[in-house]
Structures are given as structure tokens and as C-alpha cells.
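> Below you'll find my_file.cif; it's mmCIF, C-alpha atoms.
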```cif
data_start
loop_
_atom_site.label_atom_id
_atom_site.label_comp_id
_atom_site.auth_asym_id
_atom_site.auth_seq_id
_atom_site.Cartn_x
_atom_site.Cartn_y
_atom_site.Cartn_z
CA MET M 255 4.61 34.95 -20.02
CA LEU M 256 5.51 37.76 -17.61
CA THR M 257 4.87 41.13 -19.26
CA LEU M 258 4.94 44.76 -18.25
CA THR M 259 2.49 47.10 -19.92
CA SER M 260 2.74 50.14 -17.65
CA PRO M 261 5.25 51.62 -15.18
CA SER M 262 2.47 51.58 -12.60
CA GLN M 263 2.73 47.77 -12.47
CA ILE M 264 6.21 47.66 -10.96
CA PRO M 265 6.28 46.82 -7.25
CA ASP M 266 7.07 49.21 -4.42
CA GLN M 267 10.75 50.18 -4.40
CA SER M 268 10.93 51.87 -1.00
CA GLY M 269 14.29 51.42 0.69
CA ARG M 270 16.08 50.54 -2.54
CA THR M 271 18.83 52.53 -4.25
CA VAL M 272 19.14 52.55 -8.03
CA ILE M 273 21.84 54.10 -10.21
CA VAL M 274 20.76 55.01 -13.74
CA THR M 275 23.35 56.23 -16.21
CA GLY M 276 22.24 58.64 -18.91
CA ALA M 277 19.13 59.53 -16.92
CA GLY M 278 18.97 63.15 -18.06
CA SER M 279 16.73 62.34 -21.01
CA GLY M 280 14.98 59.63 -22.97
CA ILE M 281 14.58 56.10 -21.68
CA GLY M 282 16.95 56.60 -18.75
CA ARG M 283 14.93 59.55 -17.53
CA ALA M 284 11.63 57.70 -17.96
CA ALA M 285 12.89 54.62 -16.13
CA ALA M 286 14.35 56.68 -13.30
CA ALA M 287 11.12 58.66 -12.89
CA ALA M 288 9.08 55.45 -12.71
CA LEU M 289 11.36 53.96 -10.05
CA ALA M 290 11.40 57.20 -8.06
CA ALA M 291 7.59 57.30 -8.16
CA LYS M 292 7.60 53.85 -6.54
CA GLY M 293 9.80 55.02 -3.68
CA ALA M 294 13.33 54.19 -4.82
CA ARG M 295 16.26 56.44 -4.04
CA LEU M 296 17.73 57.41 -7.41
CA ILE M 297 21.25 58.39 -8.37
CA LEU M 298 21.24 59.97 -11.82
CA ALA M 299 24.69 59.50 -13.34
CA VAL M 300 24.86 62.02 -16.16
CA ARG M 301 27.41 63.91 -18.24
CA ASP M 302 25.28 67.08 -18.50
CA GLN M 303 24.61 68.21 -14.93
CA ASP M 304 22.10 70.87 -15.93
CA LYS M 305 20.04 68.33 -17.84
CA GLY M 306 20.31 65.93 -14.92
CA ARG M 307 19.13 68.50 -12.42
CA ALA M 308 16.20 69.43 -14.67
CA ALA M 309 15.20 65.78 -14.85
CA ALA M 310 15.57 65.30 -11.09
CA ALA M 311 13.40 68.34 -10.40
CA GLU M 312 10.47 66.58 -12.07
CA MET M 313 10.87 63.34 -10.09
CA SER M 314 9.42 62.49 -6.71
CA GLY M 315 11.30 61.23 -3.68
CA THR M 316 15.05 61.26 -3.12
CA VAL M 317 16.96 61.90 -6.34
CA GLU M 318 20.65 62.79 -6.56
CA VAL M 319 22.57 63.96 -9.62
CA ARG M 320 26.22 63.02 -9.98
CA PRO M 321 28.67 63.54 -12.86
CA LEU M 322 29.63 60.62 -15.07
CA ASP M 323 31.22 60.84 -18.52
CA LEU M 324 31.42 57.39 -20.09
CA SER M 325 33.95 58.60 -22.64
CA SER M 326 36.52 58.85 -19.84
CA LEU M 327 37.64 56.00 -17.60
CA ALA M 328 38.93 58.58 -15.13
CA SER M 329 35.37 59.87 -14.78
CA VAL M 330 34.07 56.31 -14.38
CA ARG M 331 36.54 55.64 -11.58
CA GLN M 332 35.77 58.95 -9.88
CA PHE M 333 32.04 58.21 -9.95
CA ALA M 334 32.54 54.70 -8.57
CA ASP M 335 34.81 56.00 -5.80
CA GLY M 336 32.00 58.33 -4.72
CA ILE M 337 29.52 55.49 -4.06
CA ASP M 338 30.09 54.69 -0.40
CA SER M 339 26.98 52.63 0.36
CA THR M 340 25.18 49.64 -1.09
CA VAL M 341 23.29 49.89 -4.36
CA ASP M 342 20.44 47.54 -5.19
CA VAL M 343 20.41 48.03 -8.95
CA LEU M 344 22.83 49.47 -11.48
CA ILE M 345 21.20 50.35 -14.79
CA ASN M 346 23.78 50.84 -17.53
CA ASN M 347 21.44 52.83 -19.73
CA ALA M 348 23.62 55.51 -21.35
CA GLY M 349 24.96 54.94 -24.84
CA THR M 350 26.04 56.68 -28.00
CA MET M 351 25.86 56.38 -31.76
CA THR M 352 28.10 58.14 -34.25
CA ASP M 353 28.39 58.49 -38.01
CA SER M 354 32.19 58.76 -38.11
CA LEU M 355 35.24 57.26 -36.44
CA GLN M 356 35.73 59.02 -33.11
CA HIS M 357 37.60 58.12 -29.95
CA THR M 358 37.19 58.38 -26.21
CA ALA M 359 39.63 60.17 -23.92
CA ASP M 360 41.39 56.83 -23.50
CA GLY M 361 41.73 56.21 -27.23
CA PHE M 362 38.94 53.66 -27.64
CA GLU M 363 36.61 53.69 -30.64
CA LEU M 364 33.78 55.81 -29.27
CA GLN M 365 30.85 53.40 -29.61
CA PHE M 366 32.81 50.41 -28.25
CA GLY M 367 34.20 52.59 -25.47
CA VAL M 368 30.98 54.25 -24.33
CA ASN M 369 28.53 51.42 -24.97
CA HIS M 370 30.62 48.55 -23.65
CA LEU M 371 34.01 49.31 -22.08
CA ALA M 372 32.85 52.08 -19.73
CA PRO M 373 29.81 50.12 -18.43
CA PHE M 374 32.07 47.07 -18.08
CA ALA M 375 34.48 49.09 -15.95
CA LEU M 376 31.71 50.78 -13.94
CA THR M 377 30.06 47.44 -13.18
CA ASN M 378 33.27 45.82 -11.96
CA LEU M 379 34.18 48.86 -9.87
CA LEU M 380 30.76 48.88 -8.17
CA LEU M 381 30.00 45.18 -7.99
CA ASP M 382 31.12 44.74 -4.39
CA ARG M 383 28.38 47.20 -3.39
CA ILE M 384 25.57 45.94 -5.67
CA THR M 385 23.05 43.70 -3.92
CA ASP M 386 20.42 42.77 -6.52
CA ARG M 387 21.19 43.17 -10.22
CA VAL M 388 23.01 44.80 -13.08
CA VAL M 389 20.94 45.86 -16.09
CA SER M 390 22.69 46.76 -19.35
CA THR M 391 21.19 48.21 -22.51
CA SER M 392 21.62 46.43 -25.80
CA SER M 393 19.87 46.63 -29.17
CA THR M 394 18.50 44.29 -31.81
CA ALA M 395 21.28 45.73 -33.99
CA TYR M 396 23.47 43.03 -32.43
CA ARG M 397 21.82 40.44 -34.70
CA THR M 398 23.78 41.49 -37.78
CA ALA M 399 26.99 42.41 -35.95
CA GLN M 400 30.36 40.73 -35.75
CA LEU M 401 33.21 41.26 -33.31
CA ASP M 402 36.71 41.54 -34.73
CA PHE M 403 38.96 40.67 -31.82
CA ASP M 404 42.03 41.44 -33.91
CA ASP M 405 40.88 45.01 -34.57
CA PRO M 406 38.30 46.04 -31.95
CA GLN M 407 39.16 49.75 -32.35
CA TRP M 408 38.71 49.80 -36.15
CA ALA M 409 42.31 50.87 -36.60
CA ARG M 410 42.97 48.69 -39.67
CA ARG M 411 39.51 48.40 -41.25
CA PRO M 412 37.29 50.85 -43.13
CA TYR M 413 35.01 52.27 -40.47
CA LYS M 414 31.35 51.25 -40.65
CA PRO M 415 29.35 53.30 -38.13
CA PHE M 416 26.37 50.98 -37.85
CA GLY M 417 28.61 47.94 -37.85
CA ALA M 418 30.55 49.43 -34.94
CA TYR M 419 27.32 50.24 -33.13
CA GLY M 420 26.03 46.69 -33.58
CA ALA M 421 29.35 45.26 -32.40
CA SER M 422 29.18 47.40 -29.26
CA LYS M 423 25.69 46.11 -28.50
CA LEU M 424 26.73 42.52 -29.17
CA SER M 425 29.54 43.18 -26.69
CA VAL M 426 26.96 44.21 -24.08
CA LEU M 427 25.18 40.86 -24.43
CA LEU M 428 28.39 38.83 -24.30
CA PHE M 429 29.50 40.84 -21.27
CA THR M 430 26.20 40.09 -19.54
CA ALA M 431 26.44 36.38 -20.31
CA GLU M 432 29.95 36.18 -18.86
CA LEU M 433 29.04 38.39 -15.91
CA GLN M 434 26.15 36.08 -15.04
CA ARG M 435 28.42 33.04 -15.33
CA ARG M 436 30.96 34.61 -12.99
CA LEU M 437 28.32 35.73 -10.49
CA SER M 438 26.84 32.24 -10.40
CA ALA M 439 30.28 30.67 -10.02
CA ALA M 440 31.04 32.99 -7.12
CA GLY M 441 27.77 32.12 -5.38
CA SER M 442 26.55 35.71 -5.63
CA PRO M 443 22.81 36.47 -5.41
CA VAL M 444 23.27 39.33 -7.90
CA ILE M 445 21.97 38.71 -11.41
CA ALA M 446 22.78 40.35 -14.75
CA THR M 447 20.10 41.17 -17.31
CA THR M 448 19.81 43.14 -20.55
CA ALA M 449 17.10 45.24 -22.11
CA HIS M 450 16.42 46.84 -25.46
CA PRO M 451 13.77 49.49 -26.11
CA GLY M 452 12.61 48.43 -29.57
CA TRP M 453 11.75 51.37 -31.78
CA ALA M 454 11.48 54.34 -29.46
CA SER M 455 11.46 58.07 -30.08
CA THR M 456 13.75 59.45 -27.40
CA GLY M 457 15.89 62.09 -29.07
CA PHE M 458 18.61 59.48 -29.68
CA ARG M 459 19.62 60.24 -33.28
CA ILE M 460 20.20 57.34 -35.67
CA THR M 461 23.55 57.82 -37.40
CA SER M 462 24.18 54.80 -39.62
CA GLY M 463 26.50 56.60 -42.01
CA ASN M 464 23.86 56.41 -44.75
CA ARG M 465 22.54 59.95 -45.14
CA LEU M 466 19.29 58.93 -46.84
CA LEU M 467 18.52 56.27 -44.23
CA ASP M 468 19.34 58.63 -41.37
CA THR M 469 17.14 61.39 -42.80
CA LEU M 470 14.24 58.98 -43.31
CA SER M 471 14.64 57.67 -39.78
CA ALA M 472 14.61 61.20 -38.36
CA LEU M 473 11.36 61.91 -40.17
CA VAL M 474 9.38 58.77 -39.36
CA THR M 475 10.61 57.89 -35.87
CA PRO M 476 8.66 60.66 -34.05
CA VAL M 477 5.51 59.58 -35.88
CA LEU M 478 5.67 55.77 -35.75
CA ALA M 479 7.88 54.88 -32.80
CA GLN M 480 6.74 54.50 -29.20
CA GLY M 481 7.65 57.18 -26.67
CA PRO M 482 10.24 57.11 -23.88
CA GLU M 483 7.81 55.79 -21.26
CA ALA M 484 6.92 52.75 -23.38
CA GLY M 485 10.54 52.37 -24.43
CA ALA M 486 11.56 52.23 -20.76
CA LEU M 487 9.30 49.26 -19.96
CA PRO M 488 11.94 46.65 -20.90
CA THR M 489 14.48 48.40 -18.68
CA LEU M 490 12.04 48.41 -15.79
CA LEU M 491 11.15 44.74 -16.20
CA ALA M 492 14.84 43.85 -16.44
CA ALA M 493 15.52 45.90 -13.29
CA VAL M 494 12.73 44.76 -10.97
CA GLY M 495 10.91 41.84 -12.59
CA ASP M 496 10.97 38.27 -11.35
CA ILE M 497 13.13 37.03 -14.21
CA PRO M 498 16.23 34.81 -14.37
CA GLY M 499 19.77 36.04 -14.75
CA GLY M 500 20.90 36.43 -18.34
CA SER M 501 17.43 37.47 -19.53
CA PHE M 502 17.10 39.66 -22.62
CA VAL M 503 14.02 41.88 -22.25
CA GLY M 504 12.35 43.88 -25.01
CA PRO M 505 9.02 44.76 -26.62
CA SER M 506 6.97 41.64 -27.34
CA ARG M 507 5.15 42.63 -30.53
CA PHE M 508 6.01 43.23 -34.20
CA GLY M 509 9.30 41.40 -33.99
CA GLY M 510 10.46 43.26 -30.91
CA VAL M 511 9.71 46.74 -32.22
CA ARG M 512 7.04 47.78 -29.73
CA GLY M 513 4.44 46.51 -27.27
CA PRO M 514 4.51 45.19 -23.68
CA ALA M 515 7.92 44.30 -22.29
CA ALA M 516 8.72 40.60 -21.96
CA VAL M 517 11.70 38.27 -21.84
CA GLY M 518 12.66 37.39 -25.39
CA GLU M 519 14.90 34.97 -27.21
CA ILE M 520 18.52 35.74 -27.87
CA SER M 521 20.76 34.54 -30.68
CA PRO M 522 23.35 31.91 -29.73
CA VAL M 523 26.12 34.21 -30.99
CA ALA M 524 25.30 36.61 -28.16
CA GLU M 525 25.77 33.91 -25.52
CA ASP M 526 28.75 32.06 -26.99
CA PRO M 527 30.91 31.22 -23.96
CA ASP M 528 34.22 31.34 -25.83
CA SER M 529 33.52 34.77 -27.32
CA ALA M 530 32.17 36.03 -23.99
CA ALA M 531 35.29 34.89 -22.12
CA ARG M 532 37.59 36.32 -24.78
CA LEU M 533 35.79 39.67 -24.73
CA TRP M 534 35.96 39.73 -20.93
CA GLY M 535 39.73 39.24 -21.02
CA LEU M 536 40.14 41.96 -23.62
CA SER M 537 37.91 44.34 -21.65
CA GLU M 538 39.83 43.74 -18.43
CA HIS M 539 43.07 44.45 -20.26
CA LEU M 540 41.77 47.68 -21.82
CA THR M 541 40.03 49.10 -18.75
CA GLY M 542 42.29 47.83 -15.99
CA THR M 543 39.29 46.59 -14.01
CA ARG M 544 38.62 43.11 -12.67
CA PHE M 545 35.74 40.99 -11.41
CA PRO M 546 35.97 41.51 -7.64
CA PHE M 547 34.86 38.10 -6.37
CA ALA M 548 36.66 34.79 -6.16
CA SER M 549 35.11 32.07 -8.28
CA THR M 550 34.37 28.58 -7.00
CA SER M 551 35.04 27.16 -10.48
CA PRO M 552 37.87 27.88 -12.91
CA ALA M 553 37.28 30.50 -15.57
CA PRO M 554 37.88 29.53 -19.20
CA ALA M 555 41.07 30.67 -20.84
CA THR M 556 40.90 34.10 -22.44
CA ASP M 557 42.72 35.53 -25.44
CA ILE M 558 43.43 39.25 -25.51
CA SER M 559 45.20 39.28 -28.85
CA GLY M 560 42.96 42.11 -30.03
CA ALA M 561 44.35 44.52 -27.43
#
```
What does this structure look like when you write it as C-alpha cells?

Amino acid sequence: MLTLTSPSQIPDQSGRTVIVTGAGSGIGRAAAAALAAKGARLILAVRDQDKGRAAAAEMSGTVEVRPLDLSSLASVRQFADGIDSTVDVLINNAGTMTDSLQHTADGFELQFGVNHLAPFALTNLLLDRITDRVVSTSSTAYRTAQLDFDDPQWARRPYKPFGAYGASKLSVLLFTAELQRRLSAAGSPVIATTAHPGWASTGFRITSGNRLLDTLSALVTPVLAQGPEAGALPTLLAAVGDIPGGSFVGPSRFGGVRGPAAVGEISPVAEDPDSAARLWGLSEHLTGTRFPFASTSPAPATDISGA
């Protein structure tokens, strides 16, 4: 089994360009620093420019900081328009978690919008310039999640913060499965992978909506969880490892909580082709973005009734 136990194990990245969203702190920052140390040219796509510049100042090599706010599709399009050369790897690392119903600038439920729809749009807008792979960040929270295609924005249901978070991370996995299918059908050499950090202390605050659980998590996470560098190992393996498209990479010990990064098993619900195709159609409709390549095989029918 291929594993990654240290950032020092990743191969030389000289001559390669990598975009990392949310690279101003936490796992994104740790992954970007590791890639920069191996010679990659980094583009840090961050909402907080000051935080991005502070992170870049501590990295070696060529590191740029560019604005990207995933709660705004206008910002996503502006960022994509500014990429005028090829990119080897896109790492969709940034995400959010909230304890109440909130919305993006485009009216999407915040967690669905930031964690899935914005990376979906960014990927499609950049895909004609990506040469190697797309890495997206999911979570083991997907295992208990369900997608409601009739009410994806939680407009008619009581809002459940952790349920919405899990649904957004299940969406990431379904998106990756369908993206890989489309890339393969188009004869593209690009692959799509996913990563999850396990239990990592990164400053990302757990907001499940349960005050007691959230308080307990805030107290024990800094003590028991692994740090950002260890939490970034799955992202790094997913980004540069010799692994197949569609791989789900995470910590390999204690049920995926911590330990060396390795390719793990994924629940069938996260690869269901009908759900993946339906979500793709809905996401295209909501974001106004499309897969840029012609397919050599027909795509399955999609249903966007949840729009």
C-alpha cells in the first residue's frame, strides 16, 4: 500500500504550477508550503489577502497570492479569467462550516455553495488549462449524509448544520466521480482525486449546531488531533502520488482519524453514477459552468428538478 508519512517524501516539483485555494492557513497552507519547498510554483487563492501574503512570506520559491472568494461566483470567474497559462494541479482545499442557515452572494446555502458549487465552477472554468489533476477536499462526514435534490438549498426543511456540511462533502465525492468519468470519456490525461484530513487541529472550528458538542470539540481537538502538517499529507498524496483517478485519500489509522496518508475505501453512495450525474446537471444549472471537453461516449441523462 502506497503511503505518505512525511512531506519530505514527495518528489521534486520543479517546473510545475499548483493552485491551492484557502492556502492562507491550516491544511492548505501546510500543503502549499510542502509543494513550494519541493520547487513548485504556487498560486495561493485566498479570500484574506493579508493572511495569504503572510503565508507566502514563509514559503520558499515562487509563490503568488491572488484573491478568491468562494462565496461569490463573480469572484470565482474573475480568478479563473486571470489564469493565463497552464496549471499542473488544482487543489480545491478551501471550505467552510456554519452553525446556522447562511447564504452566498448568489443565494446558495453557504456550505453547499462554498464547499461544492464554487469548486465545481472553478474546476470547469480552469479545466482547459489543467494538465495533471484536480484534487478536492471531502470529509468522512459524508458517510452519514444524504442529498435532497428537491431542496438542495434547505429552503423547505428545518436546517441541520452538520447535515448540510455532510451533504456538501458528499457532493464533493460525487462531483469527483463524475468528473473522472467525463475526463476518461474525453480521453483526457487529467485525473480527479479527493482527500480528507482526518482529525486535524487547523483552526477550522467545528460548528455542528450542538453547543455542547462544539464546545467539547474545541477543547479536545488541540490536544488530541494531529497538526496541519500531518493533516496535509492526504492532500499531498492525492496531488502528486502515483494513484488512480477517483482515489479517496486519508489517514490510514484509527478508522481514518490520523496516521500516514493512503488511498482508502469509499462508500458506494459516494460513487453512485445516477446521483453523480444528477448532481452534475444541477451544479451546471446553478453555476452556469460546463465541462469544457467533448466526450467520446454519451453522458447519462440528468435531472435538475432540485434547481
> Do you know which residues the PyMOL selection byres ((chain M and resi 305-322) around 12) returns on this file, as a PyMOL selection string?
chain M and resi 267-304+323-337+346+348+368+372-373+376
> With the file shown as input, list the residues that the PyMOL selection byres ((chain M and resi 394) around 12) selects, as a JSON list (two decimals) with C-alpha atoms, keeping the file's coordinate frame.

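Saved file expr_10.json follows:
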```
[["chain", "number", "residue", "atom", "x", "y", "z"],
["M", 391, "THR", "CA", 21.19, 48.21, -22.51],
["M", 392, "SER", "CA", 21.62, 46.43, -25.80],
["M", 393, "SER", "CA", 19.87, 46.63, -29.17],
["M", 395, "ALA", "CA", 21.28, 45.73, -33.99],
["M", 396, "TYR", "CA", 23.47, 43.03, -32.43],
["M", 397, "ARG", "CA", 21.82, 40.44, -34.70],
["M", 398, "THR", "CA", 23.78, 41.49, -37.78],
["M", 399, "ALA", "CA", 26.99, 42.41, -35.95],
["M", 416, "PHE", "CA", 26.37, 50.98, -37.85],
["M", 419, "TYR", "CA", 27.32, 50.24, -33.13],
["M", 420, "GLY", "CA", 26.03, 46.69, -33.58],
["M", 421, "ALA", "CA", 29.35, 45.26, -32.40],
["M", 422, "SER", "CA", 29.18, 47.40, -29.26],
["M", 423, "LYS", "CA", 25.69, 46.11, -28.50],
["M", 424, "LEU", "CA", 26.73, 42.52, -29.17],
["M", 426, "VAL", "CA", 26.96, 44.21, -24.08],
["M", 427, "LEU", "CA", 25.18, 40.86, -24.43],
["M", 448, "THR", "CA", 19.81, 43.14, -20.55],
["M", 449, "ALA", "CA", 17.10, 45.24, -22.11],
["M", 450, "HIS", "CA", 16.42, 46.84, -25.46],
["M", 451, "PRO", "CA", 13.77, 49.49, -26.11],
["M", 452, "GLY", "CA", 12.61, 48.43, -29.57],
["M", 453, "TRP", "CA", 11.75, 51.37, -31.78],
["M", 502, "PHE", "CA", 17.10, 39.66, -22.62],
["M", 503, "VAL", "CA", 14.02, 41.88, -22.25],
["M", 504, "GLY", "CA", 12.35, 43.88, -25.01],
["M", 505, "PRO", "CA", 9.02, 44.76, -26.62],
["M", 509, "GLY", "CA", 9.30, 41.40, -33.99],
["M", 510, "GLY", "CA", 10.46, 43.26, -30.91],
["M", 511, "VAL", "CA", 9.71, 46.74, -32.22],
["M", 518, "GLY", "CA", 12.66, 37.39, -25.39],
["M", 519, "GLU", "CA", 14.90, 34.97, -27.21],
["M", 520, "ILE", "CA", 18.52, 35.74, -27.87],
["M", 521, "SER", "CA", 20.76, 34.54, -30.68],
["M", 524, "ALA", "CA", 25.30, 36.61, -28.16]]
```
> Can you work out the spacing between CA of Arg383 (chain M) and CA of Ser339 (chain M) in Å, to one decimal?
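Computing it gives 6.7 Å between the two atoms.
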> Please work out which residues fall within 10 Å of (31.6, 45.6, -11.2), coordinates as given in the file, with only C-alpha atoms counting, and return them as JSON, numbers by chain.
{"M": [334, 344, 373, 374, 375, 376, 377, 378, 379, 380, 381, 382, 383, 384, 388, 433, 543, 544, 545, 546, 547]}
> Taking 3 positions as the minimum chain separation for residues in the same chain, which residues sit within 6 Å of region 359-363 of chain M when counting all atoms listed in the file? Answer as a list in words.
Ser326, Gln356, Phe366, Gly367 and Gln407 of chain M
> What would the file look like if the residues just selected were written as a PDB file, in the frame of the given file with C-alpha atoms?

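And here's again_23.pdb as it stands now:
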```pdb
ATOM      1  CA  SER M 326      36.520  58.850 -19.840  1.00  0.00           C
ATOM      2  CA  GLN M 356      35.730  59.020 -33.110  1.00  0.00           C
ATOM      3  CA  PHE M 366      32.810  50.410 -28.250  1.00  0.00           C
ATOM      4  CA  GLY M 367      34.200  52.590 -25.470  1.00  0.00           C
ATOM      5  CA  GLN M 407      39.160  49.750 -32.350  1.00  0.00           C
TER       6      GLN M 407
END
```
> If I take CA of Ala493 (chain M) and CA of Thr259 (chain M), how far is one from the other in Å, to one decimal?
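Pair CA of Ala493 (chain M) / CA of Thr259 (chain M) returns 14.7 Å.
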> One decimal, in Å: what's the spacing between CA of Ser506 (chain M) and CA of Glu483 (chain M)?
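Going from CA of Ser506 (chain M) over to CA of Glu483 (chain M) covers 15.4 Å.
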> For Ala484 (chain M), list every protein, DNA or RNA residue within 9 Å, evaluated using all atoms listed in the file, and leave out those in the same chain fewer than 2 positions away; present the list as a ChimeraX atom specification.
/M:259-261,281,284,451,454,480-482,486-488,505,512-515
> Nearest to Asn369 (chain M) among M:Ser390, M:Thr385, M:Ser354, M:Ser438, with distances taken over all atoms listed in the file: which residue is it?
M:Ser390
> For Ile497 (chain M), which residue out of M:Gly542, M:Ile445, M:Arg411, M:Phe429 is the nearest one, using all atoms listed in the file?
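Of all the options, M:Ile445 lies closest to Ile497 (chain M).
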> Using the chain letters and residue numbers of this document, give as a PyMOL selection string the residues selected by the PyMOL selection byres ((chain M and resi 432) around 10).
chain M and resi 427-431+433-438+446+500+525-534+553
> With only C-alpha atoms as the basis for distance, which of M:Asp353, M:Asp404, M:Asp266, M:Asp386 is at the shortest distance from Ala418 (chain M)?
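Using only C-alpha atoms, the shortest distance to Ala418 (chain M) belongs to M:Asp353.
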> Closest to Gly495 (chain M) among M:Ala409, M:Pro415, M:Gln263, M:His539, using all atoms listed in the file?
M:Gln263
> Output region 288-309 of chain M with N, CA, C and O atoms present, as a PDB file, keeping the file's coordinate frame.

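The result, stored in out.pdb:
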```
ATOM      1  N   ALA M 288      10.002  56.509 -13.125  1.00  0.00           N
ATOM      2  CA  ALA M 288       9.080  55.450 -12.710  1.00  0.00           C
ATOM      3  C   ALA M 288       9.534  54.797 -11.412  1.00  0.00           C
ATOM      4  O   ALA M 288       8.725  54.516 -10.523  1.00  0.00           O
ATOM      5  N   LEU M 289      10.826  54.570 -11.272  1.00  0.00           N
ATOM      6  CA  LEU M 289      11.360  53.960 -10.050  1.00  0.00           C
ATOM      7  C   LEU M 289      11.249  54.918  -8.864  1.00  0.00           C
ATOM      8  O   LEU M 289      10.926  54.503  -7.746  1.00  0.00           O
ATOM      9  N   ALA M 290      11.525  56.205  -9.119  1.00  0.00           N
ATOM     10  CA  ALA M 290      11.400  57.200  -8.060  1.00  0.00           C
ATOM     11  C   ALA M 290       9.948  57.297  -7.580  1.00  0.00           C
ATOM     12  O   ALA M 290       9.683  57.440  -6.383  1.00  0.00           O
ATOM     13  N   ALA M 291       9.009  57.223  -8.518  1.00  0.00           N
ATOM     14  CA  ALA M 291       7.590  57.300  -8.160  1.00  0.00           C
ATOM     15  C   ALA M 291       7.158  56.133  -7.285  1.00  0.00           C
ATOM     16  O   ALA M 291       6.180  56.238  -6.534  1.00  0.00           O
ATOM     17  N   LYS M 292       7.902  55.020  -7.357  1.00  0.00           N
ATOM     18  CA  LYS M 292       7.600  53.850  -6.540  1.00  0.00           C
ATOM     19  C   LYS M 292       8.420  53.827  -5.255  1.00  0.00           C
ATOM     20  O   LYS M 292       8.409  52.826  -4.534  1.00  0.00           O
ATOM     21  N   GLY M 293       9.135  54.910  -4.965  1.00  0.00           N
ATOM     22  CA  GLY M 293       9.800  55.020  -3.680  1.00  0.00           C
ATOM     23  C   GLY M 293      11.283  54.767  -3.658  1.00  0.00           C
ATOM     24  O   GLY M 293      11.914  54.856  -2.593  1.00  0.00           O
ATOM     25  N   ALA M 294      11.891  54.451  -4.792  1.00  0.00           N
ATOM     26  CA  ALA M 294      13.330  54.190  -4.820  1.00  0.00           C
ATOM     27  C   ALA M 294      14.129  55.471  -4.649  1.00  0.00           C
ATOM     28  O   ALA M 294      13.694  56.557  -5.043  1.00  0.00           O
ATOM     29  N   ARG M 295      15.289  55.351  -4.054  1.00  0.00           N
ATOM     30  CA  ARG M 295      16.260  56.440  -4.040  1.00  0.00           C
ATOM     31  C   ARG M 295      17.060  56.340  -5.339  1.00  0.00           C
ATOM     32  O   ARG M 295      17.623  55.303  -5.652  1.00  0.00           O
ATOM     33  N   LEU M 296      17.086  57.419  -6.104  1.00  0.00           N
ATOM     34  CA  LEU M 296      17.730  57.410  -7.410  1.00  0.00           C
ATOM     35  C   LEU M 296      19.024  58.204  -7.406  1.00  0.00           C
ATOM     36  O   LEU M 296      19.100  59.292  -6.811  1.00  0.00           O
ATOM     37  N   ILE M 297      20.024  57.661  -8.067  1.00  0.00           N
ATOM     38  CA  ILE M 297      21.250  58.390  -8.370  1.00  0.00           C
ATOM     39  C   ILE M 297      21.325  58.503  -9.885  1.00  0.00           C
ATOM     40  O   ILE M 297      21.480  57.489 -10.580  1.00  0.00           O
ATOM     41  N   LEU M 298      21.166  59.727 -10.383  1.00  0.00           N
ATOM     42  CA  LEU M 298      21.240  59.970 -11.820  1.00  0.00           C
ATOM     43  C   LEU M 298      22.686  60.251 -12.181  1.00  0.00           C
ATOM     44  O   LEU M 298      23.255  61.266 -11.777  1.00  0.00           O
ATOM     45  N   ALA M 299      23.286  59.354 -12.930  1.00  0.00           N
ATOM     46  CA  ALA M 299      24.690  59.500 -13.340  1.00  0.00           C
ATOM     47  C   ALA M 299      24.702  60.059 -14.759  1.00  0.00           C
ATOM     48  O   ALA M 299      24.408  59.343 -15.726  1.00  0.00           O
ATOM     49  N   VAL M 300      25.019  61.346 -14.872  1.00  0.00           N
ATOM     50  CA  VAL M 300      24.860  62.020 -16.160  1.00  0.00           C
ATOM     51  C   VAL M 300      26.079  62.880 -16.494  1.00  0.00           C
ATOM     52  O   VAL M 300      26.770  63.396 -15.604  1.00  0.00           O
ATOM     53  N   ARG M 301      26.313  63.053 -17.775  1.00  0.00           N
ATOM     54  CA  ARG M 301      27.410  63.910 -18.240  1.00  0.00           C
ATOM     55  C   ARG M 301      27.010  65.382 -18.129  1.00  0.00           C
ATOM     56  O   ARG M 301      27.802  66.215 -17.699  1.00  0.00           O
ATOM     57  N   ASP M 302      25.778  65.711 -18.523  1.00  0.00           N
ATOM     58  CA  ASP M 302      25.280  67.080 -18.500  1.00  0.00           C
ATOM     59  C   ASP M 302      24.545  67.308 -17.172  1.00  0.00           C
ATOM     60  O   ASP M 302      23.416  66.857 -16.983  1.00  0.00           O
ATOM     61  N   GLN M 303      25.187  68.008 -16.256  1.00  0.00           N
ATOM     62  CA  GLN M 303      24.610  68.210 -14.930  1.00  0.00           C
ATOM     63  C   GLN M 303      23.348  69.061 -14.955  1.00  0.00           C
ATOM     64  O   GLN M 303      22.407  68.814 -14.196  1.00  0.00           O
ATOM     65  N   ASP M 304      23.300  70.045 -15.832  1.00  0.00           N
ATOM     66  CA  ASP M 304      22.100  70.870 -15.930  1.00  0.00           C
ATOM     67  C   ASP M 304      20.903  70.041 -16.383  1.00  0.00           C
ATOM     68  O   ASP M 304      19.799  70.158 -15.829  1.00  0.00           O
ATOM     69  N   LYS M 305      21.116  69.192 -17.358  1.00  0.00           N
ATOM     70  CA  LYS M 305      20.040  68.330 -17.840  1.00  0.00           C
ATOM     71  C   LYS M 305      19.639  67.339 -16.748  1.00  0.00           C
ATOM     72  O   LYS M 305      18.455  67.040 -16.568  1.00  0.00           O
ATOM     73  N   GLY M 306      20.611  66.845 -16.019  1.00  0.00           N
ATOM     74  CA  GLY M 306      20.310  65.930 -14.920  1.00  0.00           C
ATOM     75  C   GLY M 306      19.496  66.580 -13.832  1.00  0.00           C
ATOM     76  O   GLY M 306      18.547  65.982 -13.311  1.00  0.00           O
ATOM     77  N   ARG M 307      19.883  67.797 -13.467  1.00  0.00           N
ATOM     78  CA  ARG M 307      19.130  68.500 -12.420  1.00  0.00           C
ATOM     79  C   ARG M 307      17.712  68.829 -12.875  1.00  0.00           C
ATOM     80  O   ARG M 307      16.766  68.779 -12.077  1.00  0.00           O
ATOM     81  N   ALA M 308      17.545  69.158 -14.153  1.00  0.00           N
ATOM     82  CA  ALA M 308      16.200  69.430 -14.670  1.00  0.00           C
ATOM     83  C   ALA M 308      15.338  68.177 -14.612  1.00  0.00           C
ATOM     84  O   ALA M 308      14.149  68.244 -14.274  1.00  0.00           O
ATOM     85  N   ALA M 309      15.939  67.035 -14.924  1.00  0.00           N
ATOM     86  CA  ALA M 309      15.200  65.780 -14.850  1.00  0.00           C
ATOM     87  C   ALA M 309      14.844  65.448 -13.400  1.00  0.00           C
ATOM     88  O   ALA M 309      13.715  65.061 -13.094  1.00  0.00           O
TER      89      ALA M 309
END
```
